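I have placed the structure first, in the form of structure tokens, so that the comments after it can refer back to it.
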Amino acid sequence: MQIVDPTDERVPIRRSLAKRPGAPAGSIALLDISKPRGDVLMNRLEERLKERFPGVEIRRYRKPTFARPAPEDLRRRIAEENGFVIEALAD
Amino acid sequence: MEEPRKQLPAFTLKDLGAKERSFPSRRHALLCFVKEDCPTCRLTMPLIEAAYRAFGPELDVWAIGQDAEGNAKLAASNHLDAPMLDDSALSVSFAYGIEIVPTIVLAGPDGAELRRFEGFDRADWQGLFAELARISGLAAPKVDWESYPAQRPGCGSKSVEPGVAERLEAAARGERLTARRIEIGAQDEFEFMFERGLTDGLPVVPPTPERVARMLTGTRRDPREIVAVLPPNLAPASVEKLAANAVMAGCRPEYFPVVLAAIEALATPEFNIHGVMATTWGATPVIIVNGPIRRRLGMSMGMMALGYGNRPNATIGRAVKLALRNIGGARPGDIERSTFGAIGKFTTCFAEWEERSPWEPLHVERGFGRDESVVTVFGLEAGSRQIADQHSRTAHALCASLALGLEACWHPKQHLSGEVLLVVSPEHADTIARDKWSKARVRERIQQASARPLRELLPDQECGEGIPLKALGLENPTAEQLAHRVPKFRKPEDINIIVAGGEAGKFSAIFAGWVSGPIGSISVSRRIEEVP
């Protein structure tokens, strides 16, 4: 018996993880997905990161709504402007 | 006046000696469609044989038999020298549009149709023999025409028997399928579907090419047409791929246009199916069908409308979910991440009982004609809950009950919510209709009866959930602001109202919302293609 493949037929692309650097450098993006109290978590994270890595710049970003994927231009901007990104839920 | 000459389809069939015979062959051809259990065919066989013996040297004379066993019988009982071609697959009979046997078709060397007649008519055959004599330059055979009746009606062709025509149509469409085929081999096909991760946890119908082709008879759209791009994988969903998933869900071809319209609706940016599937809240596309197609498909809109036991209700919703899983890649535990899920995530689809409603049906409210068939998708909680009110006898009192029930959606202290679906039962609809209340008035009363002073909705030590003042931009509210009554819904139109359910029962049902509006999901309606 034969069946028609009901899937999209695409083979997932296997990507290996980027090499882990010993310590952060350049700038770190903090992405708040805009859930309640996400800012509380992000503020604390920023505080701790600044203490530990004084030379590193922290940039803050925010999704317009947690209920939709991050807009394309926001994702591009984060990738262009930073070497690291931390995305945080809250509630 | 001579009719334009029709080009006949080319074919290759095997004769009883397994020799392949191909049409057109650059000779004139007499194609005689017959079946053994037809007395008129049996009557005709000696004339076919006579034609072969007289004209065979100059033109092809072929009997084309419709069942393998009967073909051999016909050949033996008539001592046939004329080739008997096996069309037991009926593909040639179907392609030639044969409805009656015998049908006799005379074709030119280029494959154009010159003459065609059905059943038995002595004058037809006499005219045919004269023409064949002229074409071939050979003498017509001697026939005792008086031994033949003047006329005899034919029999129905096997290619138009119930079920067969549908299968042949499907096979013809099957040739246009382009999706990858997967060989199951000797394995149990149902287990195979589970092992491949293609099911929702219940068995599915294996989407064989023939079944998919049959599903495609439900639409006029090209199997390769891309209906939508489905998240999270942003995969193109072709008509053919959707048909495969509709087969798996158990749909009949006539349900397929509803599946296509629902997929189009939920793939719009405003519906945001990515969010509806991914949310930790147990949301799902809730599919409502309006218009004439409800009755044509036999959808449930009365007793048990929101439940189970009705094939179109169950399978249309399931087809949509299977497509989201198999094409879009939304799988539980992967991108579909609901904390609890809900049984409604298998399928949630039903029709509005428009005829039992005192109001305009949902699709008419949304600007469609009453005679149009329309599907509406809502991103709501994957399961209904019920509100009982067996005592209210006025619209005013009953709508307050509905309001209190609706206030529990999401959380009683969460006001200024978005879209919700209220399914009013016939008995409740009658109570409201007696007071001649419009839907607008029902909405107004729900907003009024569910409104609470802001102070009661603030998060506090007793109950931490509620509306944070910060969200309202009120850092230090005045007493007046705290006394302001906040409605449950941002706007009255967010309360979608339809009528469905059994005749008995003073209950209504609600589907609670998810994140609603531009920041979440907005309901979308689409017209359903009607295929007569």
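A note on labels: chains of the structure tokens are A, B, ... as shown, every chain counts residues from 1, and ligands are counted from 1 in their shown order.
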
Residue list for chain A near chain B as a PDB file with N, CA and C atoms, in the first residue's frame, 10 Å, only C-alpha atoms:
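Generated output (part_36.pdb):
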ATOM      1  N   MET A   1       0.845  -1.206   0.000  1.00  0.00           N
ATOM      2  CA  MET A   1       0.000   0.000   0.000  1.00  0.00           C
ATOM      3  C   MET A   1       0.879   1.256   0.000  1.00  0.00           C
ATOM      4  N   GLN A   2       0.414   2.254  -0.745  1.00  0.00           N
ATOM      5  CA  GLN A   2       1.115   3.539  -0.802  1.00  0.00           C
ATOM      6  C   GLN A   2       0.241   4.608  -0.186  1.00  0.00           C
ATOM      7  N   ILE A   3       0.874   5.579   0.467  1.00  0.00           N
ATOM      8  CA  ILE A   3       0.095   6.751   0.901  1.00  0.00           C
ATOM      9  C   ILE A   3       0.716   8.018   0.322  1.00  0.00           C
ATOM     10  N   VAL A   4      -0.110   9.039   0.236  1.00  0.00           N
ATOM     11  CA  VAL A   4       0.374  10.369  -0.138  1.00  0.00           C
ATOM     12  C   VAL A   4       0.941  11.002   1.131  1.00  0.00           C
ATOM     13  N   ASP A   5       2.162  11.494   1.076  1.00  0.00           N
ATOM     14  CA  ASP A   5       2.795  12.104   2.246  1.00  0.00           C
ATOM     15  C   ASP A   5       1.979  13.320   2.695  1.00  0.00           C
ATOM     16  N   PRO A   6       1.393  13.274   3.909  1.00  0.00           N
ATOM     17  CA  PRO A   6       0.560  14.411   4.345  1.00  0.00           C
ATOM     18  C   PRO A   6       1.367  15.548   4.981  1.00  0.00           C
ATOM     19  N   THR A   7       2.685  15.430   5.022  1.00  0.00           N
ATOM     20  CA  THR A   7       3.503  16.473   5.662  1.00  0.00           C
ATOM     21  C   THR A   7       4.020  17.452   4.614  1.00  0.00           C
ATOM     22  N   ASP A   8       4.788  18.435   5.084  1.00  0.00           N
ATOM     23  CA  ASP A   8       5.312  19.436   4.142  1.00  0.00           C
ATOM     24  C   ASP A   8       6.547  18.918   3.390  1.00  0.00           C
ATOM     25  N   GLU A   9       6.977  17.688   3.704  1.00  0.00           N
ATOM     26  CA  GLU A   9       8.072  17.011   2.990  1.00  0.00           C
ATOM     27  C   GLU A   9       9.427  17.655   3.197  1.00  0.00           C
ATOM     28  N   ARG A  10       9.491  18.658   4.063  1.00  0.00           N
ATOM     29  CA  ARG A  10      10.795  19.313   4.201  1.00  0.00           C
ATOM     30  C   ARG A  10      11.649  18.582   5.219  1.00  0.00           C
ATOM     31  N   PRO A  12      14.260  18.756   8.081  1.00  0.00           N
ATOM     32  CA  PRO A  12      14.754  19.827   8.952  1.00  0.00           C
ATOM     33  C   PRO A  12      16.259  20.060   8.756  1.00  0.00           C
ATOM     34  N   PRO A  36       3.275  40.071  31.878  1.00  0.00           N
ATOM     35  CA  PRO A  36       3.295  40.864  33.113  1.00  0.00           C
ATOM     36  C   PRO A  36       4.566  40.601  33.921  1.00  0.00           C
ATOM     37  N   PRO A  64       6.068  43.568  20.898  1.00  0.00           N
ATOM     38  CA  PRO A  64       4.813  44.317  21.079  1.00  0.00           C
ATOM     39  C   PRO A  64       3.768  43.493  21.838  1.00  0.00           C
ATOM     40  N   THR A  65       3.749  42.182  21.643  1.00  0.00           N
ATOM     41  CA  THR A  65       2.811  41.320  22.362  1.00  0.00           C
ATOM     42  C   THR A  65       3.413  39.927  22.502  1.00  0.00           C
ATOM     43  N   PHE A  66       3.170  39.324  23.674  1.00  0.00           N
ATOM     44  CA  PHE A  66       3.701  37.971  23.883  1.00  0.00           C
ATOM     45  C   PHE A  66       2.951  36.946  23.044  1.00  0.00           C
ATOM     46  N   ALA A  67       1.770  37.329  22.545  1.00  0.00           N
ATOM     47  CA  ALA A  67       0.897  36.371  21.874  1.00  0.00           C
ATOM     48  C   ALA A  67       1.204  36.183  20.391  1.00  0.00           C
ATOM     49  N   ARG A  68       2.190  36.916  19.903  1.00  0.00           N
ATOM     50  CA  ARG A  68       2.590  36.766  18.503  1.00  0.00           C
ATOM     51  C   ARG A  68       4.109  36.622  18.425  1.00  0.00           C
ATOM     52  N   PRO A  69       4.594  35.976  17.353  1.00  0.00           N
ATOM     53  CA  PRO A  69       6.048  35.877  17.194  1.00  0.00           C
ATOM     54  C   PRO A  69       6.658  37.277  17.086  1.00  0.00           C
TER      55      PRO A  69
END

I'd like to know which residues of segment 186-344 of chain B are strand (DSSP E) (by DSSP, run on the backbone); could you write them as JSON, numbers by chain? {"B": [226, 227, 228, 229, 230, 235, 236, 237, 238, 283, 284, 285, 286, 287, 288, 289, 290]}

Neighbouring residues of segment 40-54 of chain A were defined as those with any atom within 10 Å, considering only C-alpha atoms; residues of the same chain fewer than 4 positions away were excluded. Please report them as a tab-separated table (two decimals) with N, CA and C atoms, in the first residue's frame.
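Heads up, here's the output in around_21.tsv:
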chain	number	residue	atom	x	y	z
A	23	ALA	N	33.52	34.31	27.95
A	23	ALA	CA	32.82	35.38	28.67
A	23	ALA	C	32.15	36.29	27.66
A	24	PRO	N	31.04	36.94	28.07
A	24	PRO	CA	30.38	37.84	27.11
A	24	PRO	C	31.23	39.06	26.79
A	25	ALA	N	31.09	39.55	25.59
A	25	ALA	CA	31.80	40.77	25.18
A	25	ALA	C	30.87	41.52	24.23
A	28	ILE	N	24.85	42.77	24.93
A	28	ILE	CA	23.89	41.70	25.20
A	28	ILE	C	22.48	42.27	25.04
A	29	ALA	N	21.65	41.58	24.29
A	29	ALA	CA	20.25	42.00	24.15
A	29	ALA	C	19.41	41.35	25.22
A	30	LEU	N	18.57	42.14	25.89
A	30	LEU	CA	17.57	41.58	26.82
A	30	LEU	C	16.21	41.77	26.17
A	31	LEU	N	15.58	40.67	25.80
A	31	LEU	CA	14.30	40.75	25.10
A	31	LEU	C	13.16	40.41	26.06
A	32	ASP	N	12.35	41.40	26.32
A	32	ASP	CA	11.16	41.25	27.18
A	32	ASP	C	10.01	40.88	26.24
A	36	PRO	N	3.27	40.07	31.88
A	36	PRO	CA	3.29	40.86	33.11
A	36	PRO	C	4.57	40.60	33.92
A	58	ILE	N	24.50	46.67	27.67
A	58	ILE	CA	23.21	45.96	27.72
A	58	ILE	C	22.21	46.76	26.88
A	59	ARG	N	21.55	46.10	25.97
A	59	ARG	CA	20.50	46.77	25.18
A	59	ARG	C	19.16	46.09	25.46
A	60	ARG	N	18.14	46.91	25.66
A	60	ARG	CA	16.81	46.37	26.01
A	60	ARG	C	15.89	46.40	24.79
A	86	ILE	N	19.23	37.40	25.59
A	86	ILE	CA	18.51	36.68	26.65
A	86	ILE	C	17.03	37.04	26.49
A	87	GLU	N	16.21	36.01	26.28
A	87	GLU	CA	14.77	36.24	26.11
A	87	GLU	C	14.09	35.73	27.36
A	88	ALA	N	13.23	36.54	27.95
A	88	ALA	CA	12.69	36.13	29.24
A	88	ALA	C	11.17	36.15	29.28
A	89	LEU	N	10.61	35.10	29.82
A	89	LEU	CA	9.20	35.06	30.20
A	89	LEU	C	9.08	35.69	31.57
A	90	ALA	N	7.87	35.78	32.09
A	90	ALA	CA	7.72	36.24	33.48
A	90	ALA	C	6.43	35.69	34.03
A	91	ASP	N	5.51	36.53	34.45
A	91	ASP	CA	4.25	36.23	35.14
A	91	ASP	C	4.51	36.10	36.64

For atom CA of Ile528 of chain B and atom CA of Phe511 of chain B, the interatomic separation in Å (one decimal):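 Atom-to-atom, atom CA of Ile528 of chain B and atom CA of Phe511 of chain B are spaced 23.4 Å apart.
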
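Between atom CA of Leu16 of chain B and atom CA of Leu47 of chain B the interatomic distance comes to 19.3 Å.
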
What parts of chain A does DSSP call helix (DSSP H, G or I)? I'd like the answer as a PyMOL selection string. chain A and resi 38-52+72-81

If you count only C-alpha atoms, which residues fall within 12 Å of Phe489 of chain B, apart from same-chain ones fewer than 2 positions away, as a PyMOL selection string? chain B and resi 403+406-410+412-421+443-452+485-487+491-496+512-513+516-517

Could you pull the residues within 12 Å of Lys436 of chain B, counting only C-alpha atoms, minus those fewer than 3 positions along the same chain, as a PDB file with N, CA and C atoms, in the first residue's frame?
ATOM      1  N   PRO B 358     -33.817  33.810  16.795  1.00  0.00           N
ATOM      2  CA  PRO B 358     -34.633  35.007  16.575  1.00  0.00           C
ATOM      3  C   PRO B 358     -33.835  36.140  15.927  1.00  0.00           C
ATOM      4  N   TRP B 359     -32.523  35.929  15.754  1.00  0.00           N
ATOM      5  CA  TRP B 359     -31.657  37.001  15.247  1.00  0.00           C
ATOM      6  C   TRP B 359     -31.054  36.634  13.899  1.00  0.00           C
ATOM      7  N   THR B 394     -37.578  36.383  31.946  1.00  0.00           N
ATOM      8  CA  THR B 394     -37.499  37.614  31.138  1.00  0.00           C
ATOM      9  C   THR B 394     -36.094  37.715  30.545  1.00  0.00           C
ATOM     10  N   ALA B 395     -36.002  38.425  29.434  1.00  0.00           N
ATOM     11  CA  ALA B 395     -34.698  38.626  28.804  1.00  0.00           C
ATOM     12  C   ALA B 395     -33.762  39.346  29.774  1.00  0.00           C
ATOM     13  N   HIS B 396     -34.322  40.321  30.486  1.00  0.00           N
ATOM     14  CA  HIS B 396     -33.530  41.125  31.427  1.00  0.00           C
ATOM     15  C   HIS B 396     -32.856  40.227  32.462  1.00  0.00           C
ATOM     16  N   ALA B 429     -33.083  31.208  23.926  1.00  0.00           N
ATOM     17  CA  ALA B 429     -33.377  32.143  22.825  1.00  0.00           C
ATOM     18  C   ALA B 429     -34.857  32.513  22.836  1.00  0.00           C
ATOM     19  N   ASP B 430     -35.721  31.527  23.129  1.00  0.00           N
ATOM     20  CA  ASP B 430     -37.167  31.796  23.181  1.00  0.00           C
ATOM     21  C   ASP B 430     -37.494  32.800  24.284  1.00  0.00           C
ATOM     22  N   THR B 431     -36.868  32.632  25.441  1.00  0.00           N
ATOM     23  CA  THR B 431     -37.112  33.559  26.563  1.00  0.00           C
ATOM     24  C   THR B 431     -36.738  34.985  26.159  1.00  0.00           C
ATOM     25  N   ILE B 432     -35.583  35.104  25.495  1.00  0.00           N
ATOM     26  CA  ILE B 432     -35.135  36.447  25.092  1.00  0.00           C
ATOM     27  C   ILE B 432     -36.038  36.999  23.979  1.00  0.00           C
ATOM     28  N   ALA B 433     -36.432  36.090  23.047  1.00  0.00           N
ATOM     29  CA  ALA B 433     -37.238  36.520  21.892  1.00  0.00           C
ATOM     30  C   ALA B 433     -38.629  36.997  22.323  1.00  0.00           C
ATOM     31  N   LYS B 439     -29.872  41.443  19.440  1.00  0.00           N
ATOM     32  CA  LYS B 439     -28.557  41.014  19.945  1.00  0.00           C
ATOM     33  C   LYS B 439     -27.843  42.182  20.630  1.00  0.00           C
ATOM     34  N   ALA B 440     -28.021  43.393  20.066  1.00  0.00           N
ATOM     35  CA  ALA B 440     -27.348  44.564  20.646  1.00  0.00           C
ATOM     36  C   ALA B 440     -27.825  44.776  22.078  1.00  0.00           C
ATOM     37  N   ARG B 441     -29.115  44.548  22.292  1.00  0.00           N
ATOM     38  CA  ARG B 441     -29.646  44.758  23.642  1.00  0.00           C
ATOM     39  C   ARG B 441     -29.148  43.675  24.591  1.00  0.00           C
ATOM     40  N   VAL B 442     -29.024  42.457  24.084  1.00  0.00           N
ATOM     41  CA  VAL B 442     -28.477  41.368  24.904  1.00  0.00           C
ATOM     42  C   VAL B 442     -27.051  41.724  25.330  1.00  0.00           C
TER      43      VAL B 442
END

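Minimum distance to Phe84 of chain A across A:Arg62, A:Val56, A:Ala70, A:Ser16 (counting only C-alpha atoms) occurs at A:Val56.
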
Give me, as a list in words, all polymer residues having an atom no more than 8 Å from Arg173 of chain B, counting only C-alpha atoms and skipping those fewer than 2 positions away in the same chain.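 The residues that qualify are Glu169, Ala170, Ala171, Glu175, Arg176, Leu177, Ala213, Arg214, Leu216 and Thr217 of chain B.
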
Could you turn the residues from that selection into a file that holds C-alpha atoms, as a compact mmCIF listing (two decimals), in the first residue's frame?
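After the write, part.txt holds the following:
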# COMPACT_ATOMS: atom_id res chain seq x y z
CA GLU B 169 -13.16 10.31 -11.74
CA ALA B 170 -10.86 10.11 -8.74
CA ALA B 171 -8.33 7.99 -10.61
CA GLU B 175 -2.77 11.37 -12.23
CA ARG B 176 -2.34 15.04 -11.28
CA LEU B 177 -1.05 14.36 -7.74
CA ALA B 213 -7.90 11.88 -5.48
CA ARG B 214 -11.48 11.22 -4.39
CA LEU B 216 -10.12 16.35 -4.57
CA THR B 217 -13.46 15.80 -6.33

Mind giving me the straight-line distance from atom CA of Arg20 of chain A to atom CA of Ala79 of chain A in Å, one decimal?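 Result for atom CA of Arg20 of chain A versus atom CA of Ala79 of chain A: 16.5 Å, one decimal.
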
Near-segment 17-25 of chain B list (7 Å; only C-alpha atoms; drop same-chain fewer than 5 positions) as a count of residues only: 6
